[in-house]
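K.L.:
First, the structure itself, so that you have it in front of you.
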2 protein chains.
Amino acid sequence: MTAGAPAKDDKTPRTARGERTRRALLSAAAEEFGEKGFHDGSISGITRRAGCALGSFYTYFDSKDDIFRALVNDMSGQVRDYVSPRIAQARDGIDAERIGLLSFLEFARAHKEIYRIIDEAEFVDQAAYRAHYENTASRMAARLAKAAARGDVRADVEDVHAWAIMGMNVFLGLRYGVWDDSRPAEEIAAIANALVERGIGRAD
Amino acid sequence: MTAGAPAKDDKTPRTARGERTRRALLSAAAEEFGEKGFHDGSISGITRRAGCALGSFYTYFDSKDDIFRALVNDMSGQVRDYVSPRIAQARDGIDAERIGLLSFLEFARAHKEIYRIIDEAEFVDQAAYRAHYENTASRMAARLAKAAARGDVRADVEDVHAWAIMGMNVFLGLRYGVWDDSRPAEEIAAIANALVERGIGRAD
DNA sequence: TTTGAAGTTGAAAGCCGGTTCAACTTTCAT
DNA sequence: ATGAAAGTTGAACCGGCTTTCAACTTCAAA
């Protein structure tokens, strides 16, 4: 077997035209669900935006849930693919986390629908929701472990730190990326990074 | 005028019996929405749990949205009322945040439905969702400002720190409160609090 | 004891959107 | 060129859920 899915009746497009329609549906779904949320968004809304007939939807997706699942994976991958290469440029372990937040803020500002899509996965497809955050956290934990080995950060870093910093990033992205993007992303990232590096305890 | 609402047709119970039914509906709704989420949860599910007839629901609430809004306010208040008095016992500004997270973890472990309810407000009632987090963040920012004045924390603390720490708390509550509560809450709170106080930068 | 306001009941109206389907069009390998 | 596979179409089906409503019951004040 080549692909991961068993595929009783395969909905993969076989044609360039089919591929185009599938992509159109997927990005129409990002708009529709981003604006209205999963439940208020409708399949007819998606096909209208995509410029195709209602029935065509079912050529490529089994159900409303199915396209949503595909969309969550897609967005999750997009964030990762935007952030990862930037982090690779960092000078050290602490700087890596600064760049991680900075680029996440940039991404959130450019794709404000991301929260409405990822967050709603908690209700539509819990597995995808948990997978998204568990993957993100374990990538971060791995970076921190390497940084610890290099001596960039304390030796006792563990998963709890990764979840803490990820939570920080998510909420800063919501507040200073999606809800209000008037402050420079660099400034937010710098403040948060100082917190991660030295904390806010009295410097004595 | 006494109350805040104009109340064209007032649904406030006038009777002890009415009050009891309303409370029963509200806590049934917490169960129903906590288990199934807003959209999969049904009003008949709520009235079944509450042990009353479908029609009685509309004696106290205008709509499904209406009871959800009431529920979000209720839960938001419950967290605040659980956490606030505990924080007041803290020895200093840093300890206050440790206790804040600790008691939030305890609360989340005892009320695992809280995430499904607050988070879904993002889609059902954005205003309530933002209000919840903005209130929480500004209470924290006020505490931090006081702590700064007292010299417990750096003088330059601001809203960004509050949002960062709140995000930390929310994600630690999800991961180590709701999803897996096998580690002692004190341990999680201590690790996160050390991050807040001194950061994870190399101690040099 | 009477009375009417408050509360209860559950059947059914009404709505809405996901999904199906059979006829039709386009594509492309041969 | 041609036929079979791939893709398109949108009306209609379908089931579920919110909301309404008019008859009925409870309760407490007069």
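The way I read the labels, and the way they are meant: chains A, B, ... in the order of the structure tokens, residue 1 as the first residue of every chain, and ligand 1 as the first ligand shown, with later ones counted on from there.
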What are the closest atom pairs, with distances in Å to one decimal, for each residue of chain D lying within 9 Å of chain A, using only C-alpha atoms (C1' of nucleotides), rows by chain and rising residue number, as a Markdown table?
P.N.:
```
| residue | atom | partner | partner_atom | distance |
| --- | --- | --- | --- | --- |
| D:DA6 | C1' | A:Arg14 | CA | 7.2 |
| D:DG7 | C1' | A:Gly18 | CA | 6.8 |
| D:DT8 | C1' | A:Ser56 | CA | 6.2 |
| D:DT9 | C1' | A:Ala53 | CA | 5.9 |
| D:DG10 | C1' | A:Ala53 | CA | 7.0 |
```
K.L.:
Would you mind listing, for every residue of chain A within 10 Å of chain C, the two atoms forming the shortest contact and the distance between them in Å to one decimal, using only C-alpha atoms (C1' of nucleotides), sorted by chain and ascending residue number, as a Markdown table?
P.N.:
```
| residue | atom | partner | partner_atom | distance |
| --- | --- | --- | --- | --- |
| A:Thr15 | CA | C:DT27 | C1' | 8.2 |
| A:Ala16 | CA | C:DT27 | C1' | 9.5 |
| A:Arg17 | CA | C:DT27 | C1' | 8.7 |
| A:Asp40 | CA | C:DG17 | C1' | 9.9 |
| A:Gly41 | CA | C:DG17 | C1' | 9.9 |
| A:Ser42 | CA | C:DG17 | C1' | 7.2 |
| A:Ile43 | CA | C:DG18 | C1' | 7.8 |
| A:Ser44 | CA | C:DG17 | C1' | 8.6 |
| A:Gly55 | CA | C:DT20 | C1' | 8.8 |
| A:Tyr58 | CA | C:DT19 | C1' | 8.6 |
| A:Asp62 | CA | C:DT19 | C1' | 9.5 |
| A:Ser63 | CA | C:DG18 | C1' | 8.0 |
| A:Lys64 | CA | C:DG18 | C1' | 7.8 |
```
K.L.:
Residues of the last selection are to be written out with all heavy atoms, as a compact mmCIF listing (two decimals), in the first residue's frame.
P.N.:
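Result written to part_2.txt:
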```txt
# COMPACT_ATOMS: atom_id res chain seq x y z
N THR A 15 -7.56 14.16 -11.52
CA THR A 15 -7.43 15.05 -12.66
C THR A 15 -7.00 16.43 -12.20
O THR A 15 -7.25 16.80 -11.05
CB THR A 15 -8.81 15.14 -13.34
OG1 THR A 15 -9.07 13.91 -13.98
CG2 THR A 15 -8.89 16.28 -14.31
N ALA A 16 -6.39 17.19 -13.11
CA ALA A 16 -6.01 18.56 -12.76
C ALA A 16 -7.23 19.38 -12.37
O ALA A 16 -7.23 20.10 -11.38
CB ALA A 16 -5.29 19.23 -13.93
N ARG A 17 -8.29 19.20 -13.12
CA ARG A 17 -9.52 19.92 -12.83
C ARG A 17 -10.03 19.57 -11.43
O ARG A 17 -10.40 20.43 -10.64
CB ARG A 17 -10.60 19.60 -13.87
CG ARG A 17 -11.92 20.27 -13.57
CD ARG A 17 -12.91 20.22 -14.72
NE ARG A 17 -13.34 18.88 -15.06
CZ ARG A 17 -14.58 18.55 -15.43
NH1 ARG A 17 -15.52 19.49 -15.48
NH2 ARG A 17 -14.89 17.35 -15.78
N ASP A 40 -22.36 27.28 12.17
CA ASP A 40 -23.10 28.28 11.40
C ASP A 40 -22.65 28.32 9.95
O ASP A 40 -23.37 28.79 9.09
CB ASP A 40 -22.95 29.67 12.04
CG ASP A 40 -23.72 29.74 13.35
OD1 ASP A 40 -24.50 28.81 13.62
OD2 ASP A 40 -23.52 30.71 14.11
N GLY A 41 -21.46 27.83 9.71
CA GLY A 41 -21.03 27.71 8.33
C GLY A 41 -21.79 26.57 7.67
O GLY A 41 -22.15 25.61 8.33
N SER A 42 -22.07 26.71 6.37
CA SER A 42 -22.83 25.66 5.70
C SER A 42 -22.08 25.17 4.47
O SER A 42 -21.24 25.86 3.91
CB SER A 42 -24.20 26.18 5.28
OG SER A 42 -24.06 27.14 4.27
N ILE A 43 -22.42 23.97 4.08
CA ILE A 43 -21.78 23.41 2.90
C ILE A 43 -22.18 24.21 1.67
O ILE A 43 -21.35 24.47 0.79
CB ILE A 43 -22.15 21.93 2.75
CG1 ILE A 43 -21.55 21.17 3.94
CG2 ILE A 43 -21.63 21.37 1.44
CD1 ILE A 43 -21.75 19.70 3.91
N SER A 44 -23.42 24.64 1.62
CA SER A 44 -23.80 25.45 0.46
C SER A 44 -23.04 26.77 0.45
O SER A 44 -22.71 27.30 -0.61
CB SER A 44 -25.32 25.68 0.44
OG SER A 44 -25.74 26.37 1.59
N GLY A 55 -23.54 19.51 -5.00
CA GLY A 55 -23.23 18.09 -5.12
C GLY A 55 -21.75 17.80 -5.31
O GLY A 55 -21.27 16.75 -4.90
N TYR A 58 -19.44 16.53 -2.45
CA TYR A 58 -19.36 15.13 -2.03
C TYR A 58 -18.51 14.28 -2.97
O TYR A 58 -18.30 13.11 -2.73
CB TYR A 58 -20.76 14.56 -1.84
CG TYR A 58 -21.44 15.20 -0.64
CD1 TYR A 58 -22.20 16.35 -0.79
CD2 TYR A 58 -21.25 14.68 0.63
CE1 TYR A 58 -22.78 16.96 0.32
CE2 TYR A 58 -21.82 15.28 1.74
CZ TYR A 58 -22.59 16.43 1.57
OH TYR A 58 -23.15 17.04 2.66
N ASP A 62 -16.35 13.37 2.34
CA ASP A 62 -17.44 12.50 2.78
C ASP A 62 -18.53 13.26 3.50
O ASP A 62 -19.70 12.86 3.49
CB ASP A 62 -16.90 11.43 3.74
CG ASP A 62 -16.12 10.37 3.00
OD1 ASP A 62 -16.47 10.12 1.83
OD2 ASP A 62 -15.17 9.81 3.57
N SER A 63 -18.16 14.33 4.18
CA SER A 63 -19.12 15.02 5.02
C SER A 63 -18.54 16.37 5.45
O SER A 63 -17.38 16.68 5.18
CB SER A 63 -19.39 14.19 6.27
OG SER A 63 -18.18 14.06 7.01
N LYS A 64 -19.36 17.10 6.12
CA LYS A 64 -18.93 18.39 6.66
C LYS A 64 -17.78 18.18 7.64
O LYS A 64 -16.79 18.91 7.61
CB LYS A 64 -20.13 19.03 7.36
CG LYS A 64 -19.99 20.51 7.65
CD LYS A 64 -21.20 21.01 8.42
CE LYS A 64 -21.07 22.49 8.73
NZ LYS A 64 -22.13 22.96 9.66
```
K.L.:
Smallest atom-to-atom distance to Arg116 (chain B): which of B:Trp163, B:Phe33, B:Phe61, B:Tyr133, using only C-alpha atoms?
P.N.:
B:Phe33
K.L.:
Give me, please, the distance in Å between CA of Glu120 (chain A) and CA of Phe38 (chain A), quoted to one decimal.
P.N.:
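So the answer is 7.0 Å.
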K.L.:
Just to confirm, what's the straight-line distance from CA of Arg143 (chain B) to CA of Glu97 (chain B) in Å (one decimal)?
P.N.:
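That distance, rounded to one decimal, is 8.9 Å.
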K.L.:
How close does chain B get to chain A? List, as a tab-separated table, each residue of chain B within 9 Å, its nearest atom pair and the distance in Å to one decimal, counting only C-alpha atoms.
P.N.:
```
residue	atom	partner	partner_atom	distance
B:Lys36	CA	A:Phe123	CA	8.2
B:Gly37	CA	A:Phe123	CA	6.4
B:Phe38	CA	A:Phe123	CA	8.7
B:His39	CA	A:His39	CA	7.4
B:Ile94	CA	A:Gly201	CA	7.2
B:Arg116	CA	A:Phe123	CA	7.8
B:Asp119	CA	A:Asp119	CA	7.6
B:Glu120	CA	A:Glu120	CA	7.5
B:Glu122	CA	A:Arg116	CA	7.8
B:Phe123	CA	A:Gly37	CA	6.3
B:Ala148	CA	A:Arg202	CA	8.6
B:Gly151	CA	A:Arg202	CA	6.8
B:Asp152	CA	A:Arg202	CA	5.8
B:Val153	CA	A:Arg202	CA	4.5
B:Arg154	CA	A:Arg202	CA	5.1
B:Ala155	CA	A:Arg202	CA	8.3
B:Asp156	CA	A:Ile200	CA	8.9
B:Val157	CA	A:Ile200	CA	7.5
B:Val160	CA	A:Ile188	CA	7.0
B:His161	CA	A:Ala192	CA	6.9
B:Trp163	CA	A:Leu172	CA	6.3
B:Ala164	CA	A:Met168	CA	4.3
B:Ile165	CA	A:Met168	CA	6.4
B:Met166	CA	A:Met168	CA	7.3
B:Gly167	CA	A:Met168	CA	4.5
B:Met168	CA	A:Ala164	CA	4.4
B:Asn169	CA	A:Ala164	CA	7.1
B:Val170	CA	A:Gly167	CA	6.8
B:Phe171	CA	A:Gly167	CA	5.0
B:Leu172	CA	A:Ala164	CA	6.2
B:Arg175	CA	A:Trp163	CA	7.7
B:Tyr176	CA	A:Val160	CA	8.7
B:Ile188	CA	A:Val160	CA	7.0
B:Ile191	CA	A:Val160	CA	7.4
B:Ala192	CA	A:His161	CA	7.0
B:Ala194	CA	A:Gly199	CA	8.0
B:Leu195	CA	A:Gly199	CA	6.0
B:Val196	CA	A:Gly199	CA	4.7
B:Glu197	CA	A:Gly201	CA	4.3
B:Arg198	CA	A:Gly199	CA	4.1
B:Gly199	CA	A:Gly199	CA	4.0
B:Ile200	CA	A:Glu197	CA	5.2
B:Gly201	CA	A:Glu197	CA	4.3
B:Arg202	CA	A:Val153	CA	4.5
B:Ala203	CA	A:Arg154	CA	6.9
```
K.L.:
Calculate how many Å separate CA of Leu71 (chain B) from CA of Gln126 (chain B), rounding to one decimal.
P.N.:
13.7 Å
K.L.:
Could you name the residues that touch Arg86 (chain A) at 10 Å or less, counting only C-alpha atoms (C1' of nucleotides), but leaving out those on the same chain fewer than 3 positions away, as a PyMOL selection string?
P.N.:
chain A and resi 81-83+89-90+96+99-100+102-103
K.L.:
Save out the residues we just selected, N, CA, C and O atoms, as a compact mmCIF listing (two decimals), in the first residue's frame.
P.N.:
```txt
# COMPACT_ATOMS: atom_id res chain seq x y z
N ASP A 81 5.02 24.83 9.05
CA ASP A 81 5.91 25.10 7.93
C ASP A 81 6.35 26.56 7.85
O ASP A 81 7.36 26.88 7.24
N TYR A 82 5.55 27.44 8.45
CA TYR A 82 5.95 28.85 8.47
C TYR A 82 6.97 29.09 9.57
O TYR A 82 7.97 29.77 9.38
N VAL A 83 6.72 28.52 10.73
CA VAL A 83 7.53 28.80 11.92
C VAL A 83 8.86 28.05 11.93
O VAL A 83 9.91 28.64 12.22
N GLN A 89 16.97 29.51 12.21
CA GLN A 89 17.96 30.58 12.06
C GLN A 89 18.47 31.13 13.40
O GLN A 89 19.36 31.97 13.42
N ALA A 90 17.86 30.69 14.50
CA ALA A 90 18.17 31.31 15.80
C ALA A 90 19.62 31.13 16.21
O ALA A 90 20.26 30.15 15.84
N ALA A 96 15.63 31.06 19.90
CA ALA A 96 14.73 30.21 19.10
C ALA A 96 13.29 30.41 19.54
O ALA A 96 12.38 30.53 18.70
N ILE A 99 11.98 33.81 18.35
CA ILE A 99 11.63 33.76 16.93
C ILE A 99 10.38 32.92 16.71
O ILE A 99 9.55 33.25 15.86
N GLY A 100 10.24 31.88 17.49
CA GLY A 100 9.02 31.06 17.39
C GLY A 100 7.78 31.89 17.64
O GLY A 100 6.83 31.87 16.85
N LEU A 102 7.58 35.23 17.60
CA LEU A 102 7.51 36.30 16.61
C LEU A 102 6.88 35.81 15.32
O LEU A 102 5.94 36.43 14.78
N SER A 103 7.34 34.68 14.84
CA SER A 103 6.81 34.22 13.56
C SER A 103 5.37 33.71 13.71
O SER A 103 4.55 33.87 12.80
```
K.L.:
May I have all residues of region 5-201 of chain A that DSSP, computed from the backbone, assigns to helix (DSSP H, G or I), given as JSON, numbers by chain?
P.N.:
{"A": [16, 17, 18, 19, 20, 21, 22, 23, 24, 25, 26, 27, 28, 29, 30, 31, 32, 33, 34, 35, 36, 37, 38, 39, 40, 43, 44, 45, 46, 47, 48, 49, 50, 54, 55, 56, 57, 58, 59, 60, 64, 65, 66, 67, 68, 69, 70, 71, 72, 73, 74, 75, 76, 77, 78, 79, 80, 81, 82, 83, 84, 85, 86, 87, 93, 94, 95, 96, 97, 98, 99, 100, 101, 102, 103, 104, 105, 106, 107, 108, 109, 110, 114, 115, 116, 117, 118, 119, 120, 121, 122, 123, 124, 126, 127, 128, 129, 130, 131, 132, 133, 134, 135, 136, 137, 138, 139, 140, 141, 142, 143, 144, 145, 146, 147, 148, 149, 150, 159, 160, 161, 162, 163, 164, 165, 166, 167, 168, 169, 170, 171, 172, 173, 174, 175, 176, 177, 178, 179, 185, 186, 187, 188, 189, 190, 191, 192, 193, 194, 195, 196, 197, 198]}
K.L.:
Using only C-alpha atoms for the distances, tell me which of A:Ile87, A:Gln78, A:Pro184, A:Asp66 is nearest to Arg139 (chain A).
P.N.:
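Of A:Ile87, A:Gln78, A:Pro184, A:Asp66, the one nearest Arg139 (chain A) is A:Ile87, counting only C-alpha atoms.
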